[in-house]
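Participant: I'm passing along start_6.tsv; it holds TSV, C-alpha atoms (C1' of nucleotides).
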chain	number	residue	atom	x	y	z
A	64	MET	CA	46.90	-10.82	1.38
A	65	GLU	CA	43.61	-11.30	3.17
A	66	ASP	CA	41.19	-13.70	1.52
A	67	ILE	CA	38.01	-11.66	1.56
A	68	ILE	CA	35.67	-14.45	0.59
A	69	ARG	CA	36.96	-16.50	3.46
A	70	SER	CA	36.80	-13.58	5.89
A	71	LEU	CA	33.19	-12.86	5.03
A	72	GLY	CA	32.19	-16.33	6.16
A	73	TYR	CA	28.58	-17.32	5.72
A	74	LEU	CA	27.75	-14.13	3.84
A	75	CYS	CA	29.75	-15.27	0.82
A	76	LEU	CA	29.33	-19.01	1.19
A	77	GLY	CA	27.85	-19.21	-2.30
A	78	SER	CA	30.84	-17.53	-3.94
A	79	ARG	CA	33.14	-19.66	-1.91
A	80	LEU	CA	31.55	-22.97	-2.83
A	81	LYS	CA	31.58	-21.95	-6.46
A	82	ARG	CA	35.22	-21.00	-6.26
A	83	ILE	CA	36.25	-24.29	-4.69
A	84	GLY	CA	34.10	-26.23	-7.14
A	85	GLU	CA	35.66	-24.47	-10.09
A	86	GLN	CA	39.11	-25.21	-8.83
A	87	LEU	CA	38.28	-28.87	-8.39
A	88	GLN	CA	36.88	-29.05	-11.91
A	89	ALA	CA	39.87	-27.27	-13.41
A	90	ASP	CA	42.26	-29.60	-11.59
A	91	THR	CA	40.24	-32.62	-12.68
A	92	GLN	CA	40.52	-31.38	-16.23
A	93	ARG	CA	44.28	-31.52	-15.92
A	94	VAL	CA	44.13	-35.08	-14.72
A	95	LEU	CA	42.08	-35.94	-17.79
A	96	GLU	CA	44.49	-34.22	-20.14
A	97	ARG	CA	47.34	-36.14	-18.66
A	98	LEU	CA	45.44	-39.37	-19.26
A	99	ASP	CA	44.59	-38.32	-22.83
A	100	VAL	CA	40.88	-38.20	-22.30
A	101	ARG	CA	39.36	-35.83	-24.77
A	102	ILE	CA	36.22	-34.64	-23.05
A	103	GLN	CA	35.54	-31.96	-20.48
A	104	SER	CA	35.33	-33.11	-16.90
A	105	SER	CA	31.99	-31.35	-16.68
A	106	GLN	CA	30.51	-33.82	-19.16
A	107	TYR	CA	31.17	-36.84	-16.99
A	108	PRO	CA	28.07	-36.48	-14.83
A	109	LEU	CA	25.84	-36.62	-17.88
A	110	LEU	CA	27.58	-39.72	-19.20
A	111	ALA	CA	27.50	-41.31	-15.77
A	112	ALA	CA	23.79	-40.61	-15.50
A	113	LEU	CA	23.09	-42.37	-18.78
A	114	ASP	CA	25.29	-45.25	-17.71
A	115	ARG	CA	23.53	-45.67	-14.38
A	116	LEU	CA	19.98	-44.93	-15.38
A	117	GLY	CA	19.90	-45.97	-19.01
A	118	PRO	CA	18.44	-43.92	-21.88
A	119	LEU	CA	16.58	-40.85	-20.65
A	120	PRO	CA	14.65	-37.97	-22.19
A	121	VAL	CA	16.28	-34.56	-21.95
A	122	GLY	CA	14.07	-33.31	-19.15
A	123	GLU	CA	14.63	-36.26	-16.85
A	124	LEU	CA	18.32	-36.09	-17.55
A	125	ALA	CA	18.30	-32.46	-16.44
A	126	GLN	CA	16.42	-33.38	-13.30
A	127	SER	CA	18.74	-36.20	-12.37
A	128	LEU	CA	21.72	-33.90	-12.85
A	129	GLY	CA	20.13	-31.03	-10.98
A	130	VAL	CA	20.73	-28.53	-13.76
A	131	ALA	CA	18.41	-26.52	-15.99
A	132	GLN	CA	17.17	-28.14	-19.18
A	133	PRO	CA	18.92	-25.82	-21.68
A	134	GLY	CA	22.25	-26.82	-20.24
A	135	VAL	CA	21.48	-30.45	-20.93
A	136	THR	CA	20.31	-29.69	-24.45
A	137	ARG	CA	23.62	-27.99	-25.12
A	138	SER	CA	25.72	-30.77	-23.58
A	139	VAL	CA	23.79	-33.35	-25.54
A	140	SER	CA	24.43	-31.62	-28.86
A	141	LEU	CA	28.09	-31.37	-28.00
A	142	LEU	CA	28.35	-35.02	-27.01
A	143	THR	CA	26.40	-36.00	-30.12
A	144	GLU	CA	28.97	-34.17	-32.22
A	145	LEU	CA	31.65	-36.14	-30.44
A	146	GLY	CA	29.77	-39.35	-31.16
A	147	LEU	CA	29.43	-40.27	-27.51
A	148	VAL	CA	25.66	-40.10	-27.18
A	149	GLU	CA	22.75	-40.70	-29.51
A	150	VAL	CA	19.34	-39.13	-29.59
A	151	MET	CA	16.15	-40.66	-30.88
A	152	GLN	CA	12.60	-39.52	-31.00
A	153	SER	CA	10.30	-41.22	-28.55
A	154	ASN	CA	7.59	-43.34	-30.14
A	155	ASP	CA	4.78	-42.60	-27.79
A	156	ASP	CA	5.47	-38.86	-27.46
A	157	GLN	CA	6.98	-37.06	-30.41
A	158	ARG	CA	8.14	-34.18	-28.22
A	159	ARG	CA	10.47	-36.30	-26.18
A	160	ARG	CA	13.98	-36.97	-27.35
A	161	ILE	CA	15.58	-39.94	-25.70
A	162	VAL	CA	19.30	-39.65	-25.06
A	163	SER	CA	21.46	-42.73	-24.76
A	164	LEU	CA	25.13	-43.67	-24.79
A	165	SER	CA	26.52	-44.61	-28.18
A	166	GLN	CA	28.82	-47.58	-28.47
A	167	ASN	CA	31.80	-45.22	-28.25
A	168	GLY	CA	30.22	-43.44	-25.33
A	169	GLN	CA	29.70	-46.70	-23.47
A	170	ARG	CA	33.25	-47.69	-24.18
A	171	LEU	CA	34.50	-44.35	-22.85
A	172	VAL	CA	32.43	-44.70	-19.69
A	173	ASP	CA	33.61	-48.25	-19.14
A	174	SER	CA	37.24	-47.31	-19.43
A	175	ALA	CA	36.71	-44.20	-17.29
A	176	LYS	CA	35.12	-46.32	-14.57
A	177	ARG	CA	38.11	-48.59	-14.65
A	178	ASP	CA	41.01	-46.20	-15.15
A	179	VAL	CA	40.06	-42.60	-14.56
A	180	TRP	CA	37.31	-42.16	-12.02
A	181	PRO	CA	38.95	-44.19	-9.27
A	182	ARG	CA	42.02	-41.95	-9.44
A	183	ILE	CA	40.04	-38.76	-9.35
A	184	GLU	CA	37.87	-40.03	-6.55
A	185	ALA	CA	40.88	-41.10	-4.55
A	186	ALA	CA	42.54	-37.72	-5.00
A	187	VAL	CA	39.40	-35.85	-3.92
A	188	LYS	CA	38.97	-38.18	-0.97
A	189	GLU	CA	42.52	-37.46	0.04
A	190	VAL	CA	41.78	-33.73	-0.03
A	191	CYS	CA	38.71	-34.30	2.13
A	192	ALA	CA	40.25	-36.82	4.50
A	193	ASP	CA	39.85	-36.47	8.26
A	194	LEU	CA	37.77	-33.34	8.12
A	195	SER	CA	35.73	-32.36	11.11
A	196	GLY	CA	34.19	-29.36	12.70
A	197	SER	CA	32.14	-26.59	11.17
A	198	LEU	CA	31.51	-26.37	7.46
A	199	LEU	CA	33.50	-23.16	7.10
A	200	GLY	CA	36.43	-24.75	8.88
A	201	GLN	CA	36.32	-27.81	6.65
A	202	LEU	CA	36.21	-25.64	3.56
A	203	ALA	CA	39.23	-23.70	4.77
A	204	VAL	CA	41.17	-26.92	5.22
A	205	ILE	CA	40.22	-28.05	1.73
A	206	GLU	CA	41.32	-24.73	0.25
A	207	ASP	CA	44.62	-24.88	2.07
A	208	ARG	CA	45.28	-28.44	1.01
A	209	LEU	CA	44.44	-27.72	-2.61
A	210	ALA	CA	46.73	-24.70	-2.54
A	211	ALA	CA	49.53	-26.79	-1.08
A	212	THR	CA	49.14	-29.74	-3.46
A	213	PRO	CA	46.64	-29.40	-6.30
A	214	LEU	CA	44.41	-32.29	-7.19
A	215	HIS	CA	46.23	-33.28	-10.35
A	216	ARG	CA	49.49	-33.63	-8.43
A	217	ARG	CA	47.77	-35.94	-5.98
A	218	ALA	CA	46.33	-38.02	-8.81
A	219	GLU	CA	49.74	-38.33	-10.41
A	220	LYS	CA	51.31	-39.43	-7.18
A	221	ALA	CA	48.67	-42.11	-6.75
A	222	GLU	CA	49.33	-43.20	-10.29
A	223	ALA	CA	53.07	-43.43	-9.72
A	224	VAL	CA	52.47	-45.57	-6.65
A	225	ALA	CA	50.13	-47.84	-8.59
A	226	ARG	CA	52.86	-48.71	-11.07
B	245	MET	CA	14.53	-39.36	-9.50
B	246	GLU	CA	18.03	-40.23	-8.42
B	247	ASP	CA	20.37	-37.31	-7.94
B	248	ILE	CA	23.40	-38.46	-9.89
B	249	ILE	CA	25.77	-35.78	-8.66
B	250	ARG	CA	24.98	-36.75	-5.12
B	251	SER	CA	25.27	-40.46	-5.86
B	252	LEU	CA	28.68	-40.05	-7.40
B	253	GLY	CA	30.04	-38.64	-4.18
B	254	TYR	CA	33.61	-37.43	-4.16
B	255	LEU	CA	34.00	-37.99	-7.87
B	256	CYS	CA	31.70	-35.06	-8.66
B	257	LEU	CA	32.39	-32.92	-5.63
B	258	GLY	CA	33.43	-30.03	-7.86
B	259	SER	CA	30.15	-30.01	-9.79
B	260	ARG	CA	28.26	-30.35	-6.57
B	261	LEU	CA	29.93	-27.45	-4.81
B	262	LYS	CA	29.38	-25.30	-7.87
B	263	ARG	CA	25.74	-26.28	-8.00
B	264	ILE	CA	25.11	-25.46	-4.36
B	265	GLY	CA	27.05	-22.22	-4.67
B	266	GLU	CA	25.03	-21.15	-7.64
B	267	GLN	CA	21.79	-21.89	-5.87
B	268	LEU	CA	22.88	-19.85	-2.87
B	269	GLN	CA	23.82	-16.95	-5.10
B	270	ALA	CA	20.58	-17.11	-7.06
B	271	ASP	CA	18.56	-17.17	-3.85
B	272	THR	CA	20.60	-14.29	-2.47
B	273	GLN	CA	19.80	-12.38	-5.64
B	274	ARG	CA	16.12	-12.75	-4.85
B	275	VAL	CA	16.62	-11.36	-1.40
B	276	LEU	CA	18.32	-8.35	-2.96
B	277	GLU	CA	15.53	-7.82	-5.45
B	278	ARG	CA	13.01	-7.86	-2.68
B	279	LEU	CA	15.02	-5.22	-0.84
B	280	ASP	CA	15.34	-3.14	-4.02
B	281	VAL	CA	19.08	-3.42	-4.25
B	282	ARG	CA	20.11	-2.97	-7.84
B	283	ILE	CA	23.38	-4.87	-8.03
B	284	GLN	CA	24.24	-8.52	-8.53
B	285	SER	CA	24.98	-10.48	-5.39
B	286	SER	CA	28.21	-11.57	-7.02
B	287	GLN	CA	29.51	-7.99	-6.92
B	288	TYR	CA	29.31	-7.74	-3.15
B	289	PRO	CA	32.63	-9.43	-2.46
B	290	LEU	CA	34.46	-6.86	-4.57
B	291	LEU	CA	32.73	-3.98	-2.83
B	292	ALA	CA	33.35	-5.57	0.55
B	293	ALA	CA	37.01	-5.99	-0.26
B	294	LEU	CA	37.39	-2.31	-1.09
B	295	ASP	CA	35.49	-1.42	2.06
B	296	ARG	CA	37.69	-3.58	4.27
B	297	LEU	CA	41.05	-3.07	2.64
B	298	GLY	CA	40.72	0.40	1.11
B	299	PRO	CA	41.66	1.33	-2.46
B	300	LEU	CA	43.51	-1.44	-4.26
B	301	PRO	CA	45.08	-2.00	-7.66
B	302	VAL	CA	43.33	-4.48	-9.92
B	303	GLY	CA	45.80	-7.28	-9.36
B	304	GLU	CA	45.69	-7.17	-5.59
B	305	LEU	CA	41.92	-6.97	-5.71
B	306	ALA	CA	41.90	-10.15	-7.79
B	307	GLN	CA	44.21	-11.84	-5.32
B	308	SER	CA	42.19	-10.89	-2.30
B	309	LEU	CA	39.04	-12.19	-4.01
B	310	GLY	CA	40.70	-15.36	-5.20
B	311	VAL	CA	39.63	-14.90	-8.82
B	312	ALA	CA	41.55	-14.30	-12.02
B	313	GLN	CA	42.46	-10.77	-12.98
B	314	PRO	CA	40.29	-10.47	-16.12
B	315	GLY	CA	37.21	-11.13	-14.00
B	316	VAL	CA	38.07	-8.23	-11.77
B	317	THR	CA	38.73	-5.96	-14.74
B	318	ARG	CA	35.27	-6.75	-16.03
B	319	SER	CA	33.55	-6.29	-12.67
B	320	VAL	CA	35.33	-3.00	-12.18
B	321	SER	CA	34.16	-1.64	-15.53
B	322	LEU	CA	30.62	-2.70	-14.71
B	323	LEU	CA	30.70	-1.11	-11.27
B	324	THR	CA	32.27	2.00	-12.73
B	325	GLU	CA	29.34	2.26	-15.15
B	326	LEU	CA	27.05	2.00	-12.16
B	327	GLY	CA	28.97	4.75	-10.42
B	328	LEU	CA	29.86	2.58	-7.44
B	329	VAL	CA	33.63	2.47	-7.83
B	330	GLU	CA	36.24	4.82	-9.22
B	331	VAL	CA	39.53	4.10	-10.89
B	332	MET	CA	42.60	6.29	-10.93
B	333	GLN	CA	46.06	5.89	-12.29
B	334	SER	CA	48.72	5.27	-9.71
B	335	ASN	CA	51.33	8.00	-9.43
B	336	ASP	CA	54.38	5.90	-8.79
B	337	ASP	CA	53.56	3.18	-11.33
B	338	GLN	CA	51.64	4.17	-14.42
B	339	ARG	CA	50.63	0.58	-15.09
B	340	ARG	CA	48.64	0.24	-11.91
B	341	ARG	CA	45.05	1.34	-11.77
B	342	ILE	CA	43.81	1.88	-8.26
B	343	VAL	CA	40.19	0.98	-7.63
B	344	SER	CA	38.24	2.60	-4.81
B	345	LEU	CA	34.65	2.95	-3.67
B	346	SER	CA	32.91	6.07	-4.92
B	347	GLN	CA	30.73	8.06	-2.56
B	348	ASN	CA	27.70	6.19	-3.85
B	349	GLY	CA	29.53	2.91	-3.52
B	350	GLN	CA	30.49	3.62	0.06
B	351	ARG	CA	26.91	4.59	0.81
B	352	LEU	CA	25.66	1.34	-0.72
B	353	VAL	CA	28.14	-0.71	1.28
B	354	ASP	CA	27.24	1.07	4.49
B	355	SER	CA	23.55	0.45	4.05
B	356	ALA	CA	24.19	-3.14	2.99
B	357	LYS	CA	26.23	-3.74	6.12
B	358	ARG	CA	23.38	-2.40	8.18
B	359	ASP	CA	20.31	-3.76	6.42
B	360	VAL	CA	21.13	-6.48	3.91
B	361	TRP	CA	24.17	-8.51	4.84
B	362	PRO	CA	23.01	-9.42	8.34
B	363	ARG	CA	19.84	-10.91	6.92
B	364	ILE	CA	21.62	-12.90	4.28
B	365	GLU	CA	24.21	-14.09	6.73
B	366	ALA	CA	21.54	-15.12	9.22
B	367	ALA	CA	19.65	-17.05	6.56
B	368	VAL	CA	22.78	-18.89	5.40
B	369	LYS	CA	23.73	-19.61	8.98
B	370	GLU	CA	20.29	-21.08	9.52
B	371	VAL	CA	20.79	-23.35	6.54
B	372	CYS	CA	24.14	-24.46	7.93
B	373	ALA	CA	23.08	-24.76	11.56
B	374	ASP	CA	23.93	-27.85	13.57
B	375	LEU	CA	25.79	-29.62	10.84
B	376	SER	CA	28.15	-32.39	11.69
B	377	GLY	CA	29.72	-35.43	10.19
B	378	SER	CA	31.38	-35.88	6.83
B	379	LEU	CA	31.50	-33.16	4.25
B	380	LEU	CA	29.28	-35.06	1.83
B	381	GLY	CA	26.73	-35.58	4.54
B	382	GLN	CA	26.72	-31.92	5.48
B	383	LEU	CA	26.29	-30.94	1.85
B	384	ALA	CA	23.35	-33.28	1.51
B	385	VAL	CA	21.67	-31.69	4.52
B	386	ILE	CA	22.23	-28.22	3.07
B	387	GLU	CA	20.75	-29.29	-0.25
B	388	ASP	CA	17.73	-30.80	1.44
B	389	ARG	CA	17.17	-27.74	3.60
B	390	LEU	CA	17.48	-25.38	0.65
B	391	ALA	CA	15.04	-27.49	-1.33
B	392	ALA	CA	12.56	-27.46	1.56
B	393	THR	CA	12.83	-23.73	2.27
B	394	PRO	CA	14.91	-21.61	-0.09
B	395	LEU	CA	17.18	-18.96	1.28
B	396	HIS	CA	15.01	-16.02	0.29
B	397	ARG	CA	12.06	-17.46	2.17
B	398	ARG	CA	14.23	-17.76	5.27
B	399	ALA	CA	15.39	-14.17	4.89
B	400	GLU	CA	11.81	-12.96	4.55
B	401	LYS	CA	10.75	-14.83	7.62
B	402	ALA	CA	13.57	-13.27	9.62
B	403	GLU	CA	12.51	-9.89	8.32
B	404	ALA	CA	8.92	-10.41	9.33
B	405	VAL	CA	10.00	-11.37	12.83
B	406	ALA	CA	12.22	-8.30	13.05
B	407	ARG	CA	9.25	-5.97	12.60
C	210	DT	C1'	-13.97	-32.12	-32.39
C	211	DG	C1'	-11.95	-27.90	-31.87
C	212	DT	C1'	-9.55	-25.21	-28.91
C	213	DA	C1'	-7.27	-23.80	-24.75
C	214	DG	C1'	-3.90	-25.09	-21.73
C	215	DT	C1'	0.20	-27.77	-20.66
C	216	DT	C1'	4.46	-30.03	-21.51
C	217	DA	C1'	9.03	-31.06	-23.81
C	218	DT	C1'	12.64	-29.27	-26.09
C	219	DA	C1'	15.35	-25.76	-28.57
C	220	DT	C1'	17.10	-21.22	-29.05
C	221	DA	C1'	18.67	-16.73	-27.61
C	222	DT	C1'	20.77	-13.96	-24.35
C	223	DC	C1'	23.13	-12.99	-20.11
C	224	DA	C1'	26.48	-13.73	-16.16
C	225	DA	C1'	30.74	-14.72	-14.35
C	226	DG	C1'	34.33	-17.52	-14.31
C	227	DT	C1'	38.48	-19.28	-17.06
C	228	DT	C1'	42.97	-19.22	-20.26
C	229	DA	C1'	45.76	-17.00	-23.72
C	230	DT	C1'	47.72	-13.11	-25.50
C	231	DG	C1'	49.18	-8.30	-26.38
C	232	DG	C1'	50.73	-3.63	-25.19
C	233	DA	C1'	52.57	-0.32	-22.11
C	234	DA	C1'	55.34	0.63	-18.07
C	235	DT	C1'	58.86	-0.72	-15.10
C	236	DT	C1'	63.10	-3.09	-13.54
C	237	DG	C1'	67.57	-5.04	-13.75
C	238	DG	C1'	71.95	-6.44	-15.60
C	239	DC	C1'	75.72	-5.41	-18.34
D	263	DG	C1'	72.21	4.13	-20.50
D	264	DC	C1'	70.21	0.66	-23.17
D	265	DC	C1'	68.01	-3.62	-24.04
D	266	DA	C1'	65.88	-7.80	-22.25
D	267	DA	C1'	62.86	-9.52	-19.04
D	268	DT	C1'	59.12	-8.82	-16.09
D	269	DT	C1'	54.89	-6.90	-14.42
D	270	DC	C1'	50.24	-4.85	-14.75
D	271	DC	C1'	46.20	-4.54	-16.99
D	272	DA	C1'	42.93	-5.05	-21.01
D	273	DT	C1'	40.96	-7.74	-24.54
D	274	DA	C1'	39.39	-11.83	-26.97
D	275	DA	C1'	37.57	-16.30	-27.09
D	276	DC	C1'	35.65	-20.08	-24.60
D	277	DT	C1'	32.98	-22.62	-20.83
D	278	DT	C1'	29.18	-23.54	-18.26
D	279	DG	C1'	25.84	-22.16	-15.55
D	280	DA	C1'	21.30	-19.31	-15.61
D	281	DT	C1'	16.51	-17.26	-17.32
D	282	DA	C1'	13.18	-16.09	-20.79
D	283	DT	C1'	10.82	-17.26	-24.68
D	284	DA	C1'	9.36	-19.76	-28.90
D	285	DT	C1'	7.63	-23.86	-31.08
D	286	DA	C1'	5.79	-28.19	-31.58
D	287	DA	C1'	3.23	-32.02	-29.56
D	288	DC	C1'	0.10	-33.65	-26.48
D	289	DT	C1'	-4.19	-33.51	-23.24
D	290	DA	C1'	-8.57	-32.28	-21.59
D	291	DC	C1'	-12.87	-30.75	-21.84
D	292	DA	C1'	-17.07	-28.13	-23.44
Would you write out, as structure tokens, the structure that this file holds?
Facilitator:
Amino acid sequence: MEDIIRSLGYLCLGSRLKRIGEQLQADTQRVLERLDVRIQSSQYPLLAALDRLGPLPVGELAQSLGVAQPGVTRSVSLLTELGLVEVMQSNDDQRRRIVSLSQNGQRLVDSAKRDVWPRIEAAVKEVCADLSGSLLGQLAVIEDRLAATPLHRRAEKAEAVAR
Amino acid sequence: MEDIIRSLGYLCLGSRLKRIGEQLQADTQRVLERLDVRIQSSQYPLLAALDRLGPLPVGELAQSLGVAQPGVTRSVSLLTELGLVEVMQSNDDQRRRIVSLSQNGQRLVDSAKRDVWPRIEAAVKEVCADLSGSLLGQLAVIEDRLAATPLHRRAEKAEAVAR
DNA sequence: TGTAGTTATATATCAAGTTATGGAATTGGC
DNA sequence: GCCAATTCCATAACTTGATATATAACTACA
């Protein structure tokens, strides 16, 4: 069965990038489930941003993540529910709400940095290893490799070796 | 402001690909608006698939687009509302519903192939021109180029030159 | 100082993907 | 030939992005 998105090349590059990105995120989610982590993989960037940059107001958080502000507002309420981040009103500007990692959030990030992220990163690196040539060609290789061995299988293998 | 997704490299490749893909699609949408095309850019792949492969049942359409079947079912109902595709029951298997371009749909695809797609493709190609090196590096260049001159501006420029 | 404009965030709605599940049609084995 | 299993599609609920808009707080200036 012909892969139309791939055949259309540059015309559908946007759809194609989205499709690959979604697959990577879904596979990452499986890795997390296997490791009993209870958050969505899509929340990691926000937590990592707070870890790297310290407490930030909503708007700057959105900017540093490259997403629109309402998305951050929603993620922050969700993570607040989960007790992973805390929000406090800024003193000097009552409009700003400063988001920071809670103690639990910091703990989760610390353990993720130690146990989870390296595995995911290694698996993604493996998928992207030794790529060269045009962007479309590289994407095709990535798609083929992911189809042959999905990310979560690669992460598990790495884990088995590590034992 | 540090771009966290970019800083995190392979760890957040999924988020990053999604983000770039969404930007490309949003920019493409602007090109379409400017050309008075009334559909979403995300519907083009489905129409293109029917144009290239002929009438297809829902499942095969989903496969050739690389998306899940419910997404296709929804797109098909939307495009049916718009009068761009038609659905008919298969004779030999009453479960299958064969999707095909309507006359209007075929007309839209034909004019898109002539007037719209070449411009979009050229603009995307321009964004991806002369890339080399690692995937992450190429993505960074694409992001920088899109930030400097968004896709729809590139398409307009090409259009102006064409006159 | 009052007011007009701007900024920061929240809320509502939409888009397009996903998974899970159910019903109808078909297929296959006994 | 019937019943179980499978296949095809639709529907529901959820996720995560977007834009548009409302509201509250701040700023600037006449």
Participant: Excluding Val368 in chain B and residues on its chain fewer than 3 positions from it, collect all residues at most 8 Å away from it, counting all atoms listed in the file, and give them as a PyMOL selection string.
Facilitator: (chain A and resi 73-74+76) or (chain B and resi 364-365+371-372+395)
Participant: Considering all atoms listed in the file, give me a table of residues in chain A that are at most 9 Å from chain B, with the closest atom pair and distance in Å for each, as a tab-separated table.
Facilitator:
residue	atom	partner	partner_atom	distance
A:Met64	CA	B:Ser308	CA	6.0
A:Glu65	CA	B:Ser308	CA	5.7
A:Asp66	CA	B:Ser308	CA	4.8
A:Ile67	CA	B:Leu309	CA	5.7
A:Ile68	CA	B:Leu309	CA	6.1
A:Arg69	CA	B:Leu309	CA	8.9
A:Leu71	CA	B:Pro289	CA	8.3
A:Gly72	CA	B:Glu365	CA	8.3
A:Tyr73	CA	B:Glu365	CA	5.5
A:Leu74	CA	B:Glu365	CA	4.6
A:Cys75	CA	B:Pro289	CA	7.3
A:Leu76	CA	B:Gly265	CA	7.1
A:Gly77	CA	B:Gly265	CA	3.9
A:Ser78	CA	B:Gly265	CA	6.1
A:Arg79	CA	B:Gly265	CA	7.2
A:Leu80	CA	B:Gly265	CA	4.9
A:Lys81	CA	B:Lys262	CA	4.2
A:Arg82	CA	B:Lys262	CA	7.4
A:Ile83	CA	B:Leu261	CA	7.1
A:Gly84	CA	B:Gly258	CA	3.9
A:Glu85	CA	B:Gly258	CA	6.4
A:Gln86	CA	B:Gly258	CA	7.5
A:Leu87	CA	B:Gly258	CA	5.0
A:Gln88	CA	B:Gly258	CA	5.4
A:Ala89	CA	B:Gly258	CA	8.9
A:Thr91	CA	B:Gly258	CA	8.7
A:Ser105	CA	B:Ser259	CA	7.3
A:Tyr107	CA	B:Cys256	CA	8.5
A:Pro108	CA	B:Ile249	CA	6.6
A:Leu109	CA	B:Ile248	CA	8.6
A:Ala111	CA	B:Ile248	CA	7.7
A:Ala112	CA	B:Ile248	CA	6.0
A:Arg115	CA	B:Ile248	CA	8.5
A:Leu116	CA	B:Glu246	CA	8.6
A:Glu123	CA	B:Met245	CA	8.0
A:Gln126	CA	B:Met245	CA	7.3
A:Ser127	CA	B:Asp247	CA	4.8
A:Leu128	CA	B:Ile248	CA	5.7
A:Gly129	CA	B:Asp247	CA	7.0
A:Val130	CA	B:Arg263	CA	8.0
A:Trp180	CA	B:Leu255	CA	6.8
A:Pro181	CA	B:Leu255	CA	8.1
A:Ile183	CA	B:Leu255	CA	6.3
A:Glu184	CA	B:Leu255	CA	4.6
A:Ala185	CA	B:Tyr254	CA	8.2
A:Ala186	CA	B:Tyr254	CA	9.0
A:Val187	CA	B:Tyr254	CA	6.0
A:Lys188	CA	B:Tyr254	CA	6.3
A:Cys191	CA	B:Leu379	CA	7.6
A:Asp193	CA	B:Ser378	CA	8.6
A:Leu194	CA	B:Ser378	CA	7.0
A:Ser195	CA	B:Gly377	CA	6.8
A:Gly196	CA	B:Ser376	CA	6.8
A:Ser197	CA	B:Leu375	CA	7.0
A:Leu198	CA	B:Leu375	CA	7.4
A:Gln201	CA	B:Leu379	CA	7.6
A:Leu202	CA	B:Leu379	CA	8.9
Participant: Which of these, B:Met332, B:Leu390, B:Leu300, B:Val353, has the shortest distance to Ile283 in chain B once you count only C-alpha atoms?
Facilitator: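 Checking each candidate against Ile283 in chain B, we get B:Val353 as the closest.
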Participant: Can you check which residues of chain C have any atom within 9 Å of chain B? Use all atoms listed in the file and format it as a PyMOL selection string.
Facilitator: chain C and resi 225-227+233-235
Participant: Could you please select, counting only C-alpha atoms (C1' of nucleotides), the residues of chain D within 10 Å of chain A and state them as a count of residues only?
Facilitator: 8
Participant: Rounded to one decimal place, report the CA of Ser165 in chain A-CA of Leu142 in chain A distance in Å.
Facilitator: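 Here the two named atoms are 9.8 Å from each other.
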Participant: Which residues come within 12 Å of DT212 in chain C, counting only C-alpha atoms (C1' of nucleotides), excluding same-chain residues fewer than 4 positions away, as an NGL selection string?
Facilitator: :D and (289-292)
Participant: In Å, how far is it from CA of Leu95 in chain A to CA of Gly117 in chain A?
Facilitator: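 Between CA of Leu95 in chain A and CA of Gly117 in chain A the gap works out to 24.4 Å.
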Participant: To one decimal place, how far is CA of Arg97 in chain A from CA of Ser140 in chain A in Å?
Facilitator: 25.5 Å
Participant: Excluding range 219-222 of chain C and residues on its chain fewer than 6 positions from it, collect all residues at most 9 Å away from it, counting only C-alpha atoms (C1' of nucleotides), and give them as a list of chain:residue names.
Facilitator: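 Here the qualifying residues turn out to be A:Pro133, A:Thr136, D:DT281, D:DA282, D:DT283, D:DA284, D:DT285.
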Participant: Find the axis-aligned box for range 277-288 of chain D, covering all its listed atoms and adding 5 Å on each side, and write its centre and edge lengths in Å to one decimal as JSON.
Facilitator:
{"center_x": 16.5, "center_y": -24.9, "center_z": -23.6, "size_x": 42.9, "size_y": 27.6, "size_z": 26.0}
